[in-house]
file work-v8.txt (compact mmCIF, C-alpha atoms and all ligand atoms)
# COMPACT_ATOMS: atom_id res chain seq x y z
CA ASN T 30 110.19 111.38 99.31
CA GLY T 31 111.17 110.50 95.77
CA GLY T 32 109.25 107.24 95.56
CA PHE T 33 106.37 106.41 93.27
CA PRO T 34 103.88 105.68 94.64
CA GLY T 35 104.63 107.31 97.98
CA PRO T 36 105.66 105.23 100.98
CA THR T 37 103.02 103.02 102.59
CA ILE T 38 102.20 104.40 106.03
CA VAL T 39 101.10 101.86 108.65
CA ALA T 40 99.58 102.92 111.97
CA ASN T 41 97.59 101.36 114.78
CA ARG T 42 94.30 102.61 116.11
CA GLY T 43 95.19 104.72 119.13
CA ASP T 44 98.41 106.05 117.60
CA THR T 45 98.91 109.72 116.90
CA ALA T 46 100.14 110.64 113.43
CA ASN T 47 102.65 113.48 113.20
CA ILE T 48 103.30 114.34 109.60
CA HIS T 49 105.30 117.26 108.23
CA LEU T 50 104.45 118.28 104.68
CA ILE T 51 107.02 120.25 102.70
CA ASN T 52 105.63 121.49 99.42
CA GLY T 53 108.44 121.04 96.92
CA LEU T 54 106.16 121.61 93.92
CA ALA T 55 105.96 124.77 91.85
CA ASP T 56 102.20 124.91 92.60
CA GLU T 57 100.26 125.09 95.82
CA SER T 58 99.34 121.79 97.45
CA ILE T 59 97.88 120.16 100.52
CA THR T 60 97.65 116.47 101.39
CA HIS T 61 94.34 114.80 102.18
CA TRP T 62 94.11 111.52 104.10
CA HIS T 63 91.35 109.80 102.14
CA GLY T 64 89.10 107.66 104.33
CA MET T 65 90.53 109.00 107.55
CA ILE T 66 88.20 110.22 110.27
CA ILE T 67 89.99 113.39 111.38
CA ASP T 68 89.22 117.00 112.22
CA ASP T 69 89.07 119.52 109.41
CA VAL T 70 92.44 121.21 109.98
CA ASN T 71 94.07 117.83 109.40
CA ASP T 72 91.78 116.75 106.56
CA GLY T 73 93.59 118.53 103.73
CA HIS T 74 90.70 120.76 102.73
CA PRO T 75 91.82 122.97 99.81
CA ARG T 76 91.46 126.13 101.91
CA PHE T 77 94.58 124.94 103.75
CA ALA T 78 96.69 124.62 100.59
CA VAL T 79 100.24 125.92 101.08
CA PRO T 80 102.25 127.71 98.38
CA SER T 81 105.35 126.37 96.72
CA GLY T 82 107.99 126.04 99.43
CA GLY T 83 105.37 126.14 102.19
CA THR T 84 104.89 123.59 104.94
CA TYR T 85 101.98 122.13 106.87
CA ASP T 86 102.06 120.18 110.10
CA TYR T 87 99.54 117.46 110.67
CA GLN T 88 98.85 115.92 114.01
CA PHE T 89 95.89 113.63 114.47
CA PRO T 90 94.88 110.58 116.48
CA ILE T 91 93.92 107.40 114.64
CA VAL T 92 90.40 106.84 115.92
CA GLN T 93 88.85 104.50 113.38
CA ARG T 94 88.85 100.78 112.83
CA ALA T 95 91.35 98.95 110.66
CA ALA T 96 91.14 99.82 106.98
CA LEU T 97 93.17 100.67 103.91
CA ASN T 98 93.09 104.43 103.42
CA TRP T 99 95.31 106.51 101.18
CA TYR T 100 96.77 109.95 100.83
CA HIS T 101 96.82 112.32 97.90
CA PRO T 102 96.89 116.09 97.23
CA HIS T 103 93.69 118.13 97.38
CA PRO T 104 94.47 121.73 96.23
CA HIS T 105 91.48 123.08 94.37
CA GLY T 106 91.83 122.76 90.60
CA LYS T 107 95.16 120.93 90.80
CA THR T 108 94.29 117.60 92.38
CA GLY T 109 94.04 115.71 89.09
CA GLU T 110 97.45 116.78 87.86
CA GLN T 111 99.23 116.14 91.14
CA VAL T 112 97.69 112.69 91.57
CA ALA T 113 98.40 111.72 87.95
CA MET T 114 102.02 112.77 88.42
CA GLY T 115 102.39 110.34 91.28
CA LEU T 116 101.64 112.03 94.61
CA ALA T 117 99.68 109.25 96.29
CA GLY T 118 100.30 106.38 98.65
CA ALA T 119 98.65 103.81 100.90
CA PHE T 120 97.83 104.38 104.58
CA ILE T 121 97.03 101.16 106.41
CA ILE T 122 95.33 101.27 109.79
CA ARG T 123 95.44 98.20 112.00
CA ASP T 124 93.56 97.30 115.15
CA LEU T 125 93.18 94.36 117.49
CA ASP T 126 89.70 93.51 116.18
CA GLU T 127 91.03 92.09 112.92
CA PRO T 128 91.11 88.27 113.09
CA SER T 129 94.68 87.18 113.86
CA ALA T 130 94.60 84.68 110.98
CA LEU T 131 94.57 87.55 108.48
CA PRO T 132 98.04 88.21 107.10
CA ALA T 133 99.40 91.56 108.28
CA GLY T 134 102.64 92.79 106.77
CA ALA T 135 105.12 91.30 104.32
CA PRO T 136 105.33 88.87 102.71
CA TYR T 137 101.71 87.73 102.73
CA GLU T 138 100.02 91.13 102.83
CA VAL T 139 100.73 93.28 99.77
CA PRO T 140 99.33 96.75 98.99
CA LEU T 141 98.53 97.13 95.28
CA ILE T 142 97.97 100.61 93.92
CA ILE T 143 96.57 100.04 90.47
CA ARG T 144 96.17 102.94 88.05
CA ASP T 145 96.58 104.00 84.47
CA ALA T 146 99.26 106.38 83.26
CA LYS T 147 100.47 108.28 80.24
CA PHE T 148 104.09 108.86 79.28
CA ASP T 149 105.81 111.42 77.10
CA ARG T 150 108.62 110.67 74.64
CA GLN T 151 111.23 110.80 77.37
CA GLY T 152 109.28 108.22 79.33
CA ASP T 153 108.19 110.65 82.01
CA LEU T 154 104.69 110.65 83.45
CA GLU T 155 102.44 113.03 81.61
CA PHE T 156 99.14 114.69 82.47
CA LYS T 157 96.71 116.35 80.09
CA THR T 158 93.69 118.28 81.25
CA LYS T 159 90.52 116.73 79.88
CA ARG T 160 87.13 117.68 81.27
CA SER T 161 85.64 114.26 80.64
CA GLY T 162 88.43 112.67 82.68
CA PHE T 163 92.14 111.98 82.25
CA GLU T 164 92.79 108.40 81.17
CA GLY T 165 96.20 106.94 80.53
CA ASP T 166 96.95 104.24 77.96
CA THR T 167 99.14 102.09 80.19
CA PRO T 168 98.41 100.26 83.45
CA MET T 169 100.83 100.36 86.37
CA VAL T 170 100.84 98.53 89.68
CA ASN T 171 102.79 100.17 92.50
CA GLY T 172 104.49 102.34 89.89
CA THR T 173 105.74 99.36 87.89
CA LEU T 174 105.05 98.56 84.25
CA ASP T 175 104.33 94.94 83.25
CA PRO T 176 104.76 93.80 86.84
CA THR T 177 105.32 90.27 88.03
CA LEU T 178 105.02 89.06 91.61
CA ALA T 179 106.63 85.83 92.74
CA VAL T 180 104.36 84.17 95.30
CA GLU T 181 104.46 80.98 97.32
CA PRO T 182 101.65 78.44 97.09
CA ALA T 183 99.97 80.22 100.01
CA VAL T 184 97.08 82.54 100.80
CA TYR T 185 97.93 86.20 100.18
CA ARG T 186 96.13 89.33 101.27
CA PHE T 187 96.07 92.09 98.65
CA ARG T 188 95.09 95.60 99.73
CA VAL T 189 93.94 97.09 96.44
CA LEU T 190 93.39 100.75 95.63
CA ASN T 191 92.20 102.09 92.31
CA GLY T 192 94.51 105.11 92.19
CA SER T 193 93.40 106.27 88.72
CA ASN T 194 92.14 109.76 87.98
CA ALA T 195 89.12 108.48 86.07
CA ARG T 196 89.44 104.85 85.00
CA ILE T 197 87.19 102.08 86.26
CA PHE T 198 88.60 98.56 86.43
CA ASP T 199 86.77 95.22 86.24
CA PHE T 200 89.24 93.00 88.04
CA ALA T 201 89.35 89.25 87.26
CA PHE T 202 91.91 86.44 87.02
CA ASP T 203 92.63 84.94 83.60
CA ASN T 204 92.15 81.39 84.90
CA GLY T 205 88.73 82.16 86.37
CA MET T 206 89.80 81.67 89.99
CA ALA T 207 87.95 83.65 92.64
CA PHE T 208 88.91 86.47 94.91
CA HIS T 209 87.93 85.95 98.53
CA MET T 210 86.84 89.47 99.37
CA VAL T 211 87.15 90.30 103.06
CA GLY T 212 86.89 94.08 103.05
CA ASN T 213 86.61 97.35 101.19
CA ASP T 214 86.92 101.11 101.89
CA GLY T 215 85.90 101.10 105.53
CA GLY T 216 87.49 97.85 106.68
CA LEU T 217 86.32 94.26 106.98
CA LEU T 218 83.00 92.94 105.69
CA PRO T 219 80.83 90.76 107.96
CA SER T 220 81.99 87.62 106.13
CA VAL T 221 84.19 86.37 103.31
CA VAL T 222 82.66 86.80 99.85
CA PRO T 223 84.01 84.60 97.02
CA ILE T 224 83.67 86.55 93.78
CA GLY T 225 85.05 86.30 90.25
CA THR T 226 84.85 89.92 89.00
CA ILE T 227 84.91 93.18 90.92
CA VAL T 228 84.18 96.63 89.49
CA THR T 229 86.35 99.27 91.15
CA SER T 230 86.21 103.00 90.43
CA PRO T 231 88.75 105.66 91.40
CA ALA T 232 89.44 105.83 95.15
CA GLU T 233 87.63 102.58 95.98
CA ARG T 234 89.58 99.96 97.94
CA LEU T 235 89.41 96.18 98.21
CA ASP T 236 90.78 93.74 100.75
CA LEU T 237 91.21 90.45 98.91
CA LEU T 238 92.50 87.04 99.89
CA VAL T 239 93.86 84.97 97.03
CA ASP T 240 94.58 81.28 97.46
CA PHE T 241 97.60 80.10 95.45
CA ARG T 242 97.86 76.81 97.36
CA GLY T 243 98.12 73.77 95.10
CA MET T 244 99.19 75.96 92.18
CA GLN T 245 102.92 75.10 92.25
CA GLY T 246 104.61 76.27 89.04
CA ALA T 247 101.56 78.07 87.66
CA THR T 248 101.31 81.64 86.42
CA VAL T 249 98.10 83.64 86.85
CA MET T 250 97.29 87.03 85.43
CA LEU T 251 95.20 89.69 87.13
CA ARG T 252 93.36 91.42 84.31
CA ASP T 253 91.06 94.34 83.64
CA LEU T 254 88.08 93.06 81.67
CA ARG T 255 87.12 96.52 80.36
CA THR T 256 90.34 97.20 78.47
CA GLY T 257 91.60 93.63 78.29
CA TRP T 258 94.78 94.81 79.99
CA ASP T 259 97.11 92.46 81.81
CA LEU T 260 97.67 94.16 85.17
CA LEU T 261 99.83 91.90 87.31
CA GLU T 262 101.29 88.44 86.75
CA PHE T 263 101.67 86.08 89.68
CA VAL T 264 104.30 83.37 89.39
CA VAL T 265 103.71 80.61 91.92
CA GLY T 266 106.77 78.91 93.40
CA ASN T 267 107.30 75.20 93.92
CA GLY T 268 107.48 75.08 97.73
CA PRO T 269 105.01 73.39 100.06
CA ASN T 270 101.52 74.75 100.54
CA GLY T 271 101.00 77.48 103.12
CA GLN T 272 98.35 77.40 105.79
CA ASP T 273 94.66 77.19 104.96
CA ILE T 274 93.95 80.68 106.22
CA LEU T 275 90.49 80.79 104.65
CA ASN T 276 89.47 77.95 106.97
CA GLN T 277 91.05 79.56 110.01
CA LEU T 278 89.04 82.77 109.71
CA PRO T 279 86.01 83.16 111.94
CA SER T 280 82.72 82.91 110.05
CA GLN T 281 81.99 86.43 111.27
CA LEU T 282 84.88 88.67 110.26
CA SER T 283 83.46 91.83 111.76
CA THR T 284 80.23 93.27 113.08
CA ILE T 285 78.58 95.99 111.07
CA ILE T 286 75.55 97.54 112.67
CA PRO T 287 73.22 98.80 109.96
CA LEU T 288 72.34 102.48 110.14
CA SER T 289 68.59 103.05 110.15
CA ALA T 290 65.83 105.57 110.72
CA PRO T 291 67.31 108.58 108.91
CA VAL T 292 66.14 111.91 110.27
CA THR T 293 66.86 113.98 107.16
CA THR T 294 67.09 113.28 103.45
CA ARG T 295 69.41 115.32 101.25
CA GLU T 296 69.51 115.06 97.49
CA PHE T 297 72.66 115.61 95.49
CA ALA T 298 72.33 115.77 91.70
CA PHE T 299 75.68 115.43 89.92
CA GLU T 300 75.28 117.52 86.79
CA GLY T 301 77.39 118.09 83.72
CA MET T 302 81.08 117.86 84.55
CA SER T 303 81.28 120.47 87.27
CA ARG T 304 78.08 120.94 89.29
CA ILE T 305 76.22 119.49 92.23
CA ASN T 306 72.62 120.72 92.56
CA GLY T 307 73.32 123.39 89.94
CA ARG T 308 76.38 124.88 91.64
CA GLU T 309 80.11 124.71 91.24
CA PHE T 310 82.40 124.51 94.27
CA ASP T 311 83.02 127.71 96.17
CA MET T 312 85.69 127.43 98.82
CA GLN T 313 83.94 129.95 101.08
CA ARG T 314 80.35 128.79 100.68
CA ILE T 315 78.85 126.20 103.02
CA ASP T 316 76.32 124.24 101.01
CA GLU T 317 74.91 121.98 103.72
CA TYR T 318 74.72 122.13 107.49
CA VAL T 319 74.66 118.61 108.85
CA PRO T 320 73.93 117.83 112.49
CA PHE T 321 76.55 115.81 114.33
CA ASP T 322 75.67 112.26 115.37
CA THR T 323 72.45 112.04 113.34
CA VAL T 324 71.57 109.42 110.74
CA GLU T 325 70.89 110.99 107.35
CA ARG T 326 69.85 109.62 103.98
CA TRP T 327 71.90 111.07 101.16
CA VAL T 328 70.60 110.46 97.65
CA PHE T 329 73.07 110.74 94.76
CA SER T 330 71.73 110.95 91.22
CA THR T 331 72.95 111.77 87.75
CA LYS T 332 71.51 111.95 84.30
CA GLY T 333 74.72 112.12 82.31
CA ASN T 334 78.48 112.50 82.09
CA ALA T 335 78.97 109.56 84.42
CA PRO T 336 80.83 107.70 85.74
CA HIS T 337 80.85 109.80 88.87
CA PRO T 338 82.60 108.04 91.76
CA ILE T 339 81.09 109.91 94.71
CA HIS T 340 83.19 110.40 97.83
CA SER T 341 82.44 111.92 101.21
CA HIS T 342 85.02 113.01 103.74
CA ALA T 343 84.70 112.63 107.52
CA ALA T 344 82.70 109.41 107.85
CA PRO T 345 81.99 106.27 105.88
CA PHE T 346 78.45 105.49 104.73
CA GLN T 347 76.35 102.42 104.02
CA VAL T 348 74.98 101.94 100.51
CA VAL T 349 71.31 100.98 100.80
CA SER T 350 70.00 101.06 97.24
CA ARG T 351 70.71 101.73 93.60
CA THR T 352 67.85 102.33 91.20
CA GLY T 353 68.08 102.95 87.45
CA GLY T 354 71.19 101.95 85.51
CA ARG T 355 72.72 98.83 86.99
CA GLY T 356 69.84 98.65 89.47
CA GLN T 357 71.44 96.83 92.38
CA VAL T 358 73.88 97.15 95.26
CA PHE T 359 76.89 94.94 94.54
CA GLU T 360 78.73 92.64 96.95
CA TRP T 361 81.75 94.96 96.96
CA GLU T 362 79.54 97.82 98.13
CA ARG T 363 78.46 96.18 101.40
CA GLY T 364 79.80 97.26 104.76
CA TRP T 365 81.35 100.69 105.16
CA LYS T 366 82.18 102.72 102.06
CA ASP T 367 83.47 106.24 101.51
CA SER T 368 83.32 106.17 97.71
CA VAL T 369 80.54 104.77 95.54
CA LEU T 370 80.18 104.59 91.77
CA LEU T 371 77.29 106.43 90.14
CA GLU T 372 76.69 105.53 86.49
CA ASP T 373 74.39 107.35 84.06
CA GLY T 374 70.74 107.19 85.04
CA GLU T 375 71.47 105.81 88.49
CA THR T 376 70.23 106.96 91.86
CA VAL T 377 72.21 105.67 94.82
CA GLU T 378 70.97 106.03 98.39
CA VAL T 379 73.36 105.91 101.30
CA LEU T 380 72.92 106.27 105.04
CA VAL T 381 75.56 108.24 106.88
CA ARG T 382 76.20 109.47 110.41
CA PHE T 383 79.01 111.85 111.34
CA ASP T 384 79.50 110.72 114.89
CA ASN T 385 83.17 110.69 115.79
CA PRO T 386 83.94 113.39 118.38
CA VAL T 387 87.20 114.30 116.59
CA LEU T 388 85.12 115.72 113.75
CA MET T 389 83.90 118.55 115.98
CA GLN T 390 87.36 119.53 117.20
CA GLY T 391 88.61 121.38 114.14
CA LEU T 392 88.34 125.01 113.18
CA ASP T 393 84.79 124.98 111.84
CA SER T 394 84.14 121.31 111.06
CA THR T 395 83.92 121.82 107.30
CA TYR T 396 84.27 118.77 105.10
CA LEU T 397 83.85 117.86 101.45
CA LEU T 398 81.53 115.82 99.28
CA HIS T 399 82.70 115.44 95.69
CA CYS T 400 83.06 113.44 92.53
CA HIS T 401 86.35 111.53 92.61
CA LYS T 402 86.77 111.65 88.86
CA LEU T 403 89.47 114.20 89.45
CA SER T 404 88.72 116.37 86.41
CA HIS T 405 85.14 116.77 87.68
CA GLU T 406 86.34 117.54 91.19
CA ASP T 407 88.83 120.11 89.88
CA ALA T 408 86.15 121.69 87.68
CA GLY T 409 83.92 122.21 90.73
CA MET T 410 81.84 119.05 91.26
CA MET T 411 82.43 119.39 94.99
CA LEU T 412 80.71 121.05 97.95
CA ASN T 413 81.36 122.02 101.54
CA PHE T 414 79.25 120.69 104.37
CA GLN T 415 79.64 121.88 107.91
CA LEU T 416 78.87 119.72 110.93
CA THR T 417 76.76 121.45 113.54
CA PRO T 418 76.40 120.45 117.22
CU1 LIG T 501 90.30 111.17 97.84
CU2 LIG T 501 88.36 114.59 98.79
O1 LIG T 501 89.34 112.89 98.25
CU CU T 502 88.67 111.88 101.00
CU CU T 503 81.89 113.18 88.08
call {"tool": "encode", "arguments": {"input": "work-v8.txt", "output": "structure tokens"}}
result
Amino acid sequence: NGGFPGPTIVANRGDTANIHLINGLADESITHWHGMIIDDVNDGHPRFAVPSGGTYDYQFPIVQRAALNWYHPHPHGKTGEQVAMGLAGAFIIRDLDEPSALPAGAPYEVPLIIRDAKFDRQGDLEFKTKRSGFEGDTPMVNGTLDPTLAVEPAVYRFRVLNGSNARIFDFAFDNGMAFHMVGNDGGLLPSVVPIGTIVTSPAERLDLLVDFRGMQGATVMLRDLRTGWDLLEFVVGNGPNGQDILNQLPSQLSTIIPLSAPVTTREFAFEGMSRINGREFDMQRIDEYVPFDTVERWVFSTKGNAPHPIHSHAAPFQVVSRTGGRGQVFEWERGWKDSVLLEDGETVEVLVRFDNPVLMQGLDSTYLLHCHKLSHEDAGMMLNFQLTP
């Protein structure tokens, strides 16, 4: 609709989404609702890509708990270019289980899509194919260069998405103040986690409270410690302090029942820049048959060409271990995740259960597992799994 990023969609659990896609691009495209638990004909699988000028009608119920999801194109081989050129936006789901003290909506809840970008001489967005991953030389927040946000001395809720094709950010404030992390990909964590630095790879989300109370007149910079980039400057106003929301939150933000007792273990080796378990993506081939409503252990490993941010469609997972490499599960990886970062030499174990009845209502219940470094995904580091009754 002409905006960059795309409009933020907000829906409540129990709503039905009716979305009409008109492909105005010269290439084929199809939109995927990343993080959404929906049947396969609505999931934006590349086999549903429509040609230039084509249309696609989505209709799906919102059946999952509150979370920040997002939407982006998913045509095979073209995802990286279309995302880099700006086709992405936030999709916020709300429900009545979220504590009422949490800010919801403007001005105290702010979605932040943070990504890198590259520009040509005319100042237009530019994309260059690069197998090792497309990285821009300039950060943008919500499509804005060198952004500033005027805030009150109050507690704000930032819904953060790393919308980059390949870049990992290490978020931190320049004055050392903490984020109060309340959630990530799959919604709220069990409790508030104060933390100074958070590593976020492409497609990962964060739900962060930031307390500007008592900071009248100050400026604070959100930075990326990897590049040293300034990402977003907050300018705190001189009004009275807002409410102490952090103290009004319940000590238990949400209940997360740990998955346990996996029935099956599947191993996925992410190899080179285009293969999983030795094979490149084939639209027609089903690589795994996964029983519905069964706990499984999925083991992701890689020897090289990382980072590989690994993403599964259709259900979130719980990260249970990381061995090799960084050797631990980080605070921002607790709760429900649908994307997890795999660095060189690492093995990450997750538990997953595809248990929402909507997943079995599509055409053939075929979903995707892939690397979310979009050049790897486009080159074939992706597979089909089919859910079986
Ligand atoms: Cu955000 Cu299959 O991807
Ligand atoms: Cu997805
Ligand atoms: Cu990869």
call {"tool": "residues_around", "arguments": {"input": "work-v8.txt", "residues": "stretch 61-70 of chain T", "least_positions_apart": "3", "cutoff": "8 Å", "atoms": "only C-alpha atoms", "output": "JSON, numbers by chain"}}
result
{"T": [73, 74, 77, 89, 90, 91, 92, 93, 98, 99, 100, 101, 102, 103, 214, 215, 342, 343, 344, 345, 367, 385, 387, 388, 389, 390, 391, 392, 393, 394, 395, 396]}
call {"tool": "residues_near_ligand", "arguments": {"input": "work-v8.txt", "ligand": "ligand CU 503 (chain T)", "cutoff": "10 Å", "atoms": "all atoms listed in the file", "output": "count of residues only"}}
result
35
call {"tool": "atom_distance", "arguments": {"input": "work-v8.txt", "atom1": "atom CA of T:Val112", "atom2": "atom CA of T:Phe33"}}
result
10.8 Å
call {"tool": "atom_distance", "arguments": {"input": "work-v8.txt", "atom1": "atom CA of T:Thr284", "atom2": "atom CA of T:Asp126"}}
result
10.0 Å
call {"tool": "closest_residue", "arguments": {"input": "work-v8.txt", "among": "T:Gln313, T:Ser81, T:Asn171, T:Asn213", "to": "T:Glu362", "atoms": "all atoms listed in the file"}}
result
T:Asn213
call {"tool": "closest_residue", "arguments": {"input": "work-v8.txt", "among": "T:Gly225, T:Pro80, T:Pro231, T:Pro176", "to": "ligand CU 502 (chain T)", "atoms": "all atoms listed in the file"}}
result
T:Pro231
call {"tool": "atom_distance", "arguments": {"input": "work-v8.txt", "atom1": "atom CA of T:Glu233", "atom2": "atom CA of T:Val328"}}
result
18.8 Å
call {"tool": "closest_residue", "arguments": {"input": "work-v8.txt", "among": "T:Phe200, T:Phe310, T:Phe414, T:Tyr137", "to": "T:Leu261", "atoms": "only C-alpha atoms"}}
result
T:Phe200
call {"tool": "closest_residue", "arguments": {"input": "work-v8.txt", "among": "T:Ala207, T:Val348, T:Leu397, T:Val221", "to": "T:Arg314", "atoms": "all atoms listed in the file"}}
result
T:Leu397
call {"tool": "closest_residue", "arguments": {"input": "work-v8.txt", "among": "T:Ser341, T:Gln111, T:Thr294, T:Ser220", "to": "ligand LIG 501 (chain T)", "atoms": "all atoms listed in the file"}}
result
T:Ser341
call {"tool": "closest_residue", "arguments": {"input": "work-v8.txt", "among": "T:Thr376, T:Gln151, T:Ser289, T:Thr60", "to": "ligand CU 502 (chain T)", "atoms": "all atoms listed in the file"}}
result
T:Thr60
call {"tool": "residues_around", "arguments": {"input": "work-v8.txt", "residues": "stretch 275-277 of chain T", "least_positions_apart": "6", "cutoff": "12 Å", "atoms": "only C-alpha atoms", "output": "PyMOL selection string"}}
result
chain T and resi 128-132+183-186+208-211+220-223+237-242
call {"tool": "residues_around", "arguments": {"input": "work-v8.txt", "residues": "T:Leu260", "least_positions_apart": "2", "cutoff": "10 Å", "atoms": "only C-alpha atoms", "output": "PyMOL selection string"}}
result
chain T and resi 143-145+167-170+173-177+200-202+250-253+257-258+262
call {"tool": "decode", "arguments": {"input": "work-v8.txt", "residues": "stretch 96-127 of chain T", "atoms": "C-alpha atoms", "output": "compact mmCIF listing (two decimals), in the first residue's frame"}}
result
# COMPACT_ATOMS: atom_id res chain seq x y z
CA ALA T 96 2.44 -12.14 20.05
CA LEU T 97 4.25 -9.95 17.57
CA ASN T 98 4.29 -11.72 14.21
CA TRP T 99 5.13 -10.24 10.84
CA TYR T 100 4.43 -10.65 7.17
CA HIS T 101 6.78 -10.86 4.22
CA PRO T 102 6.92 -12.45 0.75
CA HIS T 103 7.89 -16.10 0.34
CA PRO T 104 8.18 -16.88 -3.42
CA HIS T 105 10.95 -19.39 -3.94
CA GLY T 106 14.23 -17.77 -4.93
CA LYS T 107 12.86 -14.23 -4.65
CA THR T 108 12.19 -13.78 -0.95
CA GLY T 109 15.49 -12.02 -0.21
CA GLU T 110 15.03 -9.40 -2.90
CA GLN T 111 11.40 -8.67 -2.09
CA VAL T 112 12.06 -8.34 1.64
CA ALA T 113 15.14 -6.15 1.10
CA MET T 114 13.07 -3.89 -1.15
CA GLY T 115 10.63 -3.28 1.66
CA LEU T 116 7.75 -5.77 1.52
CA ALA T 117 7.38 -6.52 5.22
CA GLY T 118 5.33 -5.34 8.15
CA ALA T 119 4.30 -6.11 11.72
CA PHE T 120 1.27 -8.22 12.67
CA ILE T 121 0.33 -7.85 16.32
CA ILE T 122 -2.02 -10.35 17.94
CA ARG T 123 -3.70 -9.43 21.21
CA ASP T 124 -5.63 -11.50 23.70
CA LEU T 125 -7.24 -11.10 27.09
CA ASP T 126 -4.51 -13.08 28.85
CA GLU T 127 -1.96 -10.28 28.55
